[in-house]
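**Student:** Next up, query-v7.cif (mmCIF, C-alpha atoms, pLDDT in the B column; chains and numbers go by the auth columns).
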data_run
#
loop_
_atom_site.group_PDB
_atom_site.id
_atom_site.type_symbol
_atom_site.label_atom_id
_atom_site.label_comp_id
_atom_site.label_asym_id
_atom_site.label_seq_id
_atom_site.Cartn_x
_atom_site.Cartn_y
_atom_site.Cartn_z
_atom_site.B_iso_or_equiv
_atom_site.auth_seq_id
_atom_site.auth_asym_id
ATOM 1 C CA MET A 1 9.768 -46.563 -6.228 50.00 69 A
ATOM 2 C CA SER A 2 9.589 -47.400 -9.888 52.00 70 A
ATOM 3 C CA ARG A 3 9.347 -44.690 -12.540 50.00 71 A
ATOM 4 C CA SER A 4 5.691 -45.523 -13.157 51.00 72 A
ATOM 5 C CA ASP A 5 4.878 -45.063 -9.453 52.00 73 A
ATOM 6 C CA HIS A 6 6.336 -41.534 -9.259 51.00 74 A
ATOM 7 C CA PRO A 7 3.554 -38.887 -9.130 53.00 75 A
ATOM 8 C CA ARG A 8 5.225 -36.702 -11.788 56.00 76 A
ATOM 9 C CA THR A 9 5.251 -39.434 -14.413 54.00 77 A
ATOM 10 C CA THR A 10 1.857 -41.023 -13.854 61.00 78 A
ATOM 11 C CA GLY A 11 -0.248 -37.960 -14.626 70.00 79 A
ATOM 12 C CA SER A 12 -1.530 -38.009 -11.055 82.00 80 A
ATOM 13 C CA SER A 13 -3.410 -34.930 -9.914 89.00 81 A
ATOM 14 C CA GLN A 14 -1.916 -35.289 -6.431 92.00 82 A
ATOM 15 C CA PRO A 15 -0.297 -31.971 -5.417 93.00 83 A
ATOM 16 C CA LEU A 16 3.373 -32.131 -4.504 91.00 84 A
ATOM 17 C CA LEU A 17 3.076 -30.626 -1.045 92.00 85 A
ATOM 18 C CA HIS A 18 5.622 -29.150 1.378 93.00 86 A
ATOM 19 C CA GLN A 19 8.112 -28.141 -1.270 93.00 87 A
ATOM 20 C CA LYS A 20 11.091 -26.056 -0.255 93.00 88 A
ATOM 21 C CA GLY A 21 13.180 -23.820 -2.431 92.00 89 A
ATOM 22 C CA GLN A 22 15.983 -21.345 -2.316 94.00 90 A
ATOM 23 C CA GLU A 23 15.454 -17.628 -2.557 93.00 91 A
ATOM 24 C CA ILE A 24 16.111 -16.808 -6.205 95.00 92 A
ATOM 25 C CA GLN A 25 16.266 -13.001 -5.869 97.00 93 A
ATOM 26 C CA GLU A 26 17.062 -11.122 -2.707 96.00 94 A
ATOM 27 C CA PHE A 27 14.998 -8.169 -1.544 97.00 95 A
ATOM 28 C CA GLY A 28 16.751 -4.912 -2.394 97.00 96 A
ATOM 29 C CA THR A 29 18.195 -6.176 -5.678 97.00 97 A
ATOM 30 C CA VAL A 30 17.132 -5.745 -9.291 98.00 98 A
ATOM 31 C CA SER A 31 17.353 -8.196 -12.147 97.00 99 A
ATOM 32 C CA GLN A 32 18.591 -6.966 -15.507 95.00 100 A
ATOM 33 C CA LEU A 33 15.827 -5.936 -17.883 95.00 101 A
ATOM 34 C CA PRO A 34 16.188 -4.057 -21.186 97.00 102 A
ATOM 35 C CA LEU A 35 14.223 -0.979 -20.074 97.00 103 A
ATOM 36 C CA GLY A 36 16.609 1.758 -21.141 97.00 104 A
ATOM 37 C CA LEU A 37 17.262 2.664 -17.504 98.00 105 A
ATOM 38 C CA THR A 38 20.527 2.156 -15.663 97.00 106 A
ATOM 39 C CA ARG A 39 20.755 -0.474 -12.951 97.00 107 A
ATOM 40 C CA ASP A 40 21.349 2.294 -10.394 98.00 108 A
ATOM 41 C CA ALA A 41 18.242 4.208 -11.519 98.00 109 A
ATOM 42 C CA ARG A 42 16.115 1.073 -11.260 98.00 110 A
ATOM 43 C CA LEU A 43 17.619 0.139 -7.898 98.00 111 A
ATOM 44 C CA TYR A 44 16.912 3.621 -6.524 98.00 112 A
ATOM 45 C CA ALA A 45 13.364 3.620 -7.916 98.00 113 A
ATOM 46 C CA CYS A 46 12.689 0.229 -6.327 98.00 114 A
ATOM 47 C CA GLN A 47 13.966 1.404 -2.943 98.00 115 A
ATOM 48 C CA ARG A 48 11.706 4.454 -3.053 98.00 116 A
ATOM 49 C CA LEU A 49 8.734 2.474 -4.385 98.00 117 A
ATOM 50 C CA ASN A 50 9.085 -0.093 -1.596 98.00 118 A
ATOM 51 C CA GLN A 51 8.934 2.689 0.994 98.00 119 A
ATOM 52 C CA VAL A 52 5.809 4.158 -0.582 98.00 120 A
ATOM 53 C CA LEU A 53 4.376 0.642 -0.924 98.00 121 A
ATOM 54 C CA ALA A 54 4.999 -0.197 2.748 98.00 122 A
ATOM 55 C CA ASP A 55 3.365 3.028 3.920 98.00 123 A
ATOM 56 C CA THR A 56 0.474 2.610 1.481 98.00 124 A
ATOM 57 C CA ARG A 57 -0.175 -0.872 2.841 98.00 125 A
ATOM 58 C CA ILE A 58 -0.258 0.550 6.359 98.00 126 A
ATOM 59 C CA LEU A 59 -2.594 3.334 5.184 98.00 127 A
ATOM 60 C CA TYR A 60 -4.861 0.697 3.603 98.00 128 A
ATOM 61 C CA SER A 61 -4.908 -1.231 6.898 98.00 129 A
ATOM 62 C CA LEU A 62 -5.719 1.937 8.861 98.00 130 A
ATOM 63 C CA TYR A 63 -8.641 2.588 6.535 98.00 131 A
ATOM 64 C CA LYS A 64 -9.988 -0.934 7.075 98.00 132 A
ATOM 65 C CA LYS A 65 -9.521 -0.705 10.848 98.00 133 A
ATOM 66 C CA HIS A 66 -11.344 2.624 11.034 97.00 134 A
ATOM 67 C CA HIS A 67 -14.041 1.382 8.635 97.00 135 A
ATOM 68 C CA TRP A 68 -14.803 -1.425 11.074 97.00 136 A
ATOM 69 C CA LEU A 69 -14.527 0.644 14.263 96.00 137 A
ATOM 70 C CA VAL A 70 -16.051 4.013 13.343 96.00 138 A
ATOM 71 C CA ARG A 71 -18.941 5.112 15.589 94.00 139 A
ATOM 72 C CA GLY A 72 -21.342 7.940 16.133 92.00 140 A
ATOM 73 C CA ALA A 73 -23.874 10.017 14.234 90.00 141 A
ATOM 74 C CA THR A 74 -21.925 9.898 10.970 91.00 142 A
ATOM 75 C CA PHE A 75 -21.285 6.162 11.193 94.00 143 A
ATOM 76 C CA TYR A 76 -23.010 5.181 7.959 96.00 144 A
ATOM 77 C CA GLN A 77 -21.414 7.867 5.777 95.00 145 A
ATOM 78 C CA LEU A 78 -17.935 7.330 7.201 96.00 146 A
ATOM 79 C CA HIS A 79 -18.271 3.543 7.147 97.00 147 A
ATOM 80 C CA LEU A 80 -18.909 3.708 3.390 97.00 148 A
ATOM 81 C CA LEU A 81 -16.330 6.441 2.696 98.00 149 A
ATOM 82 C CA LEU A 82 -13.541 4.683 4.576 98.00 150 A
ATOM 83 C CA ASP A 83 -14.232 1.437 2.745 98.00 151 A
ATOM 84 C CA LYS A 84 -14.208 3.237 -0.623 98.00 152 A
ATOM 85 C CA HIS A 85 -10.875 4.859 0.239 98.00 153 A
ATOM 86 C CA ALA A 86 -9.492 1.512 1.394 98.00 154 A
ATOM 87 C CA ASP A 87 -10.382 -0.034 -1.974 98.00 155 A
ATOM 88 C CA GLU A 88 -8.607 2.825 -3.760 98.00 156 A
ATOM 89 C CA GLN A 89 -5.522 2.364 -1.576 98.00 157 A
ATOM 90 C CA LEU A 90 -5.541 -1.372 -2.296 98.00 158 A
ATOM 91 C CA ALA A 91 -5.496 -0.599 -6.028 98.00 159 A
ATOM 92 C CA LEU A 92 -2.443 1.607 -5.412 98.00 160 A
ATOM 93 C CA VAL A 93 -0.745 -1.217 -3.511 98.00 161 A
ATOM 94 C CA ASP A 94 -1.113 -3.446 -6.558 98.00 162 A
ATOM 95 C CA ALA A 95 0.062 -0.753 -8.991 98.00 163 A
ATOM 96 C CA LEU A 96 3.141 0.005 -6.867 98.00 164 A
ATOM 97 C CA ALA A 97 4.046 -3.676 -6.463 98.00 165 A
ATOM 98 C CA GLU A 98 3.652 -4.333 -10.174 98.00 166 A
ATOM 99 C CA ARG A 99 5.844 -1.325 -11.049 98.00 167 A
ATOM 100 C CA LEU A 100 8.515 -2.656 -8.695 98.00 168 A
ATOM 101 C CA GLN A 101 8.411 -6.059 -10.343 98.00 169 A
ATOM 102 C CA GLY A 102 8.426 -4.454 -13.794 98.00 170 A
ATOM 103 C CA LEU A 103 11.659 -2.641 -12.907 98.00 171 A
ATOM 104 C CA GLY A 104 13.246 -5.972 -11.959 98.00 172 A
ATOM 105 C CA GLY A 105 12.895 -5.410 -8.222 98.00 173 A
ATOM 106 C CA VAL A 106 11.211 -7.305 -5.427 98.00 174 A
ATOM 107 C CA ALA A 107 8.065 -5.806 -3.902 98.00 175 A
ATOM 108 C CA VAL A 108 7.769 -5.925 -0.125 98.00 176 A
ATOM 109 C CA GLY A 109 5.202 -8.642 0.441 94.00 177 A
ATOM 110 C CA ASP A 110 5.090 -10.041 3.945 96.00 178 A
ATOM 111 C CA PRO A 111 3.102 -7.890 6.432 97.00 179 A
ATOM 112 C CA ARG A 112 5.863 -8.288 9.011 97.00 180 A
ATOM 113 C CA HIS A 113 8.400 -6.899 6.518 98.00 181 A
ATOM 114 C CA VAL A 114 5.986 -4.071 5.675 98.00 182 A
ATOM 115 C CA ALA A 115 5.840 -3.149 9.372 97.00 183 A
ATOM 116 C CA GLU A 116 9.646 -3.029 9.539 97.00 184 A
ATOM 117 C CA LEU A 117 9.848 -0.624 6.580 98.00 185 A
ATOM 118 C CA ALA A 118 6.814 1.563 7.278 98.00 186 A
ATOM 119 C CA SER A 119 7.273 5.069 8.645 98.00 187 A
ATOM 120 C CA ILE A 120 3.642 5.544 9.714 98.00 188 A
ATOM 121 C CA PRO A 121 3.235 5.187 13.503 97.00 189 A
ATOM 122 C CA ARG A 122 1.250 2.263 14.840 96.00 190 A
ATOM 123 C CA PRO A 123 -2.204 3.190 16.122 96.00 191 A
ATOM 124 C CA PRO A 124 -3.576 1.996 19.455 96.00 192 A
ATOM 125 C CA ASP A 125 -5.012 -1.505 19.343 96.00 193 A
ATOM 126 C CA GLY A 126 -8.381 -0.303 20.591 96.00 194 A
ATOM 127 C CA VAL A 127 -10.954 2.175 19.329 96.00 195 A
ATOM 128 C CA GLU A 128 -10.245 5.898 19.094 95.00 196 A
ATOM 129 C CA GLU A 129 -12.784 8.699 18.826 95.00 197 A
ATOM 130 C CA VAL A 130 -13.798 9.476 15.235 95.00 198 A
ATOM 131 C CA PRO A 131 -11.906 12.807 14.968 94.00 199 A
ATOM 132 C CA ALA A 132 -8.733 11.043 16.168 95.00 200 A
ATOM 133 C CA MET A 133 -9.224 8.278 13.588 96.00 201 A
ATOM 134 C CA LEU A 134 -9.635 10.814 10.792 97.00 202 A
ATOM 135 C CA SER A 135 -6.653 12.837 12.001 97.00 203 A
ATOM 136 C CA ARG A 136 -4.544 9.679 12.078 97.00 204 A
ATOM 137 C CA LEU A 137 -5.537 8.935 8.464 98.00 205 A
ATOM 138 C CA LEU A 138 -4.697 12.513 7.433 98.00 206 A
ATOM 139 C CA SER A 139 -1.244 12.251 9.032 98.00 207 A
ATOM 140 C CA ALA A 140 -0.609 8.946 7.290 98.00 208 A
ATOM 141 C CA HIS A 141 -1.689 10.461 3.978 98.00 209 A
ATOM 142 C CA GLU A 142 0.661 13.383 4.471 98.00 210 A
ATOM 143 C CA ALA A 143 3.602 11.049 5.107 98.00 211 A
ATOM 144 C CA VAL A 144 2.842 9.123 1.906 98.00 212 A
ATOM 145 C CA LEU A 145 2.307 12.303 -0.124 98.00 213 A
ATOM 146 C CA VAL A 146 5.556 13.926 1.025 98.00 214 A
ATOM 147 C CA ASP A 147 7.532 10.773 0.254 98.00 215 A
ATOM 148 C CA ALA A 148 5.789 10.148 -3.079 98.00 216 A
ATOM 149 C CA ARG A 149 6.403 13.703 -4.295 98.00 217 A
ATOM 150 C CA ASP A 150 10.066 13.564 -3.330 98.00 218 A
ATOM 151 C CA ALA A 151 10.500 10.135 -4.921 98.00 219 A
ATOM 152 C CA ALA A 152 8.707 11.274 -8.093 98.00 220 A
ATOM 153 C CA ALA A 153 11.047 14.237 -8.543 98.00 221 A
ATOM 154 C CA ARG A 154 14.165 12.174 -7.912 98.00 222 A
ATOM 155 C CA VAL A 155 13.267 9.280 -10.228 98.00 223 A
ATOM 156 C CA ALA A 156 12.304 11.767 -12.958 98.00 224 A
ATOM 157 C CA ALA A 157 15.799 13.259 -12.674 98.00 225 A
ATOM 158 C CA LEU A 158 17.158 9.728 -13.293 98.00 226 A
ATOM 159 C CA GLY A 159 15.018 9.365 -16.433 98.00 227 A
ATOM 160 C CA ASP A 160 12.394 7.046 -14.910 98.00 228 A
ATOM 161 C CA ASP A 161 9.264 8.668 -16.310 98.00 229 A
ATOM 162 C CA GLY A 162 7.142 5.561 -15.687 98.00 230 A
ATOM 163 C CA THR A 163 7.728 5.574 -11.941 98.00 231 A
ATOM 164 C CA ASN A 164 7.294 9.348 -11.843 98.00 232 A
ATOM 165 C CA ASP A 165 3.960 9.028 -13.653 98.00 233 A
ATOM 166 C CA LEU A 166 2.709 6.318 -11.284 98.00 234 A
ATOM 167 C CA LEU A 167 3.664 8.314 -8.211 98.00 235 A
ATOM 168 C CA VAL A 168 2.174 11.595 -9.440 98.00 236 A
ATOM 169 C CA SER A 169 -0.896 10.517 -11.400 98.00 237 A
ATOM 170 C CA GLN A 170 -2.003 7.728 -9.086 98.00 238 A
ATOM 171 C CA VAL A 171 -0.472 7.949 -5.591 98.00 239 A
ATOM 172 C CA VAL A 172 -0.432 11.744 -5.226 98.00 240 A
ATOM 173 C CA ARG A 173 -3.730 12.457 -6.975 98.00 241 A
ATOM 174 C CA THR A 174 -5.598 9.703 -5.141 98.00 242 A
ATOM 175 C CA GLY A 175 -4.111 10.789 -1.828 98.00 243 A
ATOM 176 C CA GLU A 176 -4.951 14.442 -2.344 98.00 244 A
ATOM 177 C CA ALA A 177 -8.591 13.660 -3.141 98.00 245 A
ATOM 178 C CA GLN A 178 -8.894 11.385 -0.123 98.00 246 A
ATOM 179 C CA VAL A 179 -7.360 14.021 2.164 98.00 247 A
ATOM 180 C CA TRP A 180 -9.940 16.540 0.964 98.00 248 A
ATOM 181 C CA PHE A 181 -12.847 14.200 1.746 97.00 249 A
ATOM 182 C CA LEU A 182 -11.480 13.292 5.179 97.00 250 A
ATOM 183 C CA ALA A 183 -10.601 16.838 6.189 96.00 251 A
ATOM 184 C CA GLU A 184 -14.122 18.051 5.419 95.00 252 A
ATOM 185 C CA HIS A 185 -15.398 15.672 8.120 92.00 253 A
ATOM 186 C CA LEU A 186 -13.308 17.557 10.679 92.00 254 A
ATOM 187 C CA VAL A 187 -14.768 20.999 9.934 90.00 255 A
ATOM 188 C CA ASP A 188 -16.424 22.426 13.046 80.00 256 A
ATOM 189 C CA THR A 189 -19.950 23.156 11.903 63.00 257 A
ATOM 190 C CA PRO A 190 -22.333 25.022 14.189 61.00 258 A
ATOM 191 C CA LEU A 191 -25.314 23.159 15.547 58.00 259 A
ATOM 192 C CA VAL A 192 -28.541 24.448 14.007 58.00 260 A
ATOM 193 C CA ARG A 193 -31.468 24.426 16.394 65.00 261 A
ATOM 194 C CA LEU A 194 -34.923 24.226 14.884 63.00 262 A
#
For this file, produce the structure as structure tokens.
**Tutor:**
Amino acid sequence: MSRSDHPRTTGSSQPLLHQKGQEIQEFGTVSQLPLGLTRDARLYACQRLNQVLADTRILYSLYKKHHWLVRGATFYQLHLLLDKHADEQLALVDALAERLQGLGGVAVGDPRHVAELASIPRPPDGVEEVPAMLSRLLSAHEAVLVDARDAAARVAALGDDGTNDLLVSQVVRTGEAQVWFLAEHLVDTPLVRL
């Protein structure tokens, strides 16, 4: 092939498909960035953030599953609420992943890798009753909240105020508000007969 026939030199808009490459940064490592944090502090923060990220991605998926499968008299309200909460969890997923990358780490990306790291138990493949769905979401929230609070305190002790702020002001506060809304749907209210 002559130089003029090569797609890179002719200005062709033909995509160069099926490219292969080597992994340029391994998961669980951090690249050096001038952030004023030690490598060990950034490495620890990335490990903790990846755990919170994995569990948050599972929580997001649980919200979407329950949004699709919810049934009963409160279907409409819960269908909308669960979708709203899912959107808020998805925003947290992005914020966590971007913080990881900003610290020089590698955010867990592949869903299969997420499943390996996640601590939240897998739900049944089928449909559960609404109270069981909501209870499952509350348990998942609690797991994320416990881990996020612990991680926030430990990274703050290492001088990582940015990660602490993300975990407290976004993950914990969002989770606490969502727990409140979900738990109120499990209150046993007496039936009023007219």
**Student:** Give me the region 116-172 of chain A side of the contact with region 179-182 of chain A, cut-off 9 Å, one line per residue showing its nearest atom pair and distance in Å at one decimal, counting only C-alpha atoms, sorted by chain and residue number, as CSV.
**Tutor:**
residue,atom,partner,partner_atom,distance
A:Asn118,CA,A:Val182,CA,8.8
A:Gln119,CA,A:Val182,CA,8.7
A:Leu121,CA,A:Val182,CA,8.3
A:Ala122,CA,A:Val182,CA,5.0
A:Asp123,CA,A:Val182,CA,7.8
A:Arg125,CA,A:Val182,CA,7.5
A:Ile126,CA,A:Val182,CA,7.8
**Student:** Could you name the residues that touch Asp155 (chain A) at 12 Å or less, counting all atoms listed in the file, but leaving out those on the same chain fewer than 2 positions away, as a ChimeraX atom specification?
**Tutor:** /A:124-125,127-132,135,148-153,157-162,242,246
**Student:** Using all atoms listed in the file, list the residues that have an atom at most 12 Å from (2.0, 0.0, -9.8), coordinates as in the file, as a PyMOL selection string.
**Tutor:** chain A and resi 114+117-118+120-121+124+157-171+175+230-239
**Student:** With all atoms of region 98-106 of chain A from the file as input, state the centre and edge lengths in Å to one decimal of the axis-aligned box that has 8 Å extra on each side, as lines of an AutoDock Vina configuration file.
**Tutor:**
center_x = 17.4
center_y = -2.8
center_z = -15.2
size_x = 22.3
size_y = 26.9
size_z = 27.9
**Student:** Determine, counting only C-alpha atoms, which protein, DNA and RNA residues have an atom within 6 Å of an atom of region 95-109 of chain A; residues of the same chain fewer than 3 positions away are not included. Present the result as a ChimeraX atom specification.
**Tutor:** /A:112,172-174,226
**Student:** Between CA of Asp228 (chain A) and CA of Asp215 (chain A), what is the distance, to one decimal in Å?
**Tutor:** 16.4 Å
**Student:** Please, what distance in Å, to one decimal, runs between CA of Ala141 (chain A) and CA of Asp256 (chain A)?
**Tutor:** 14.5 Å
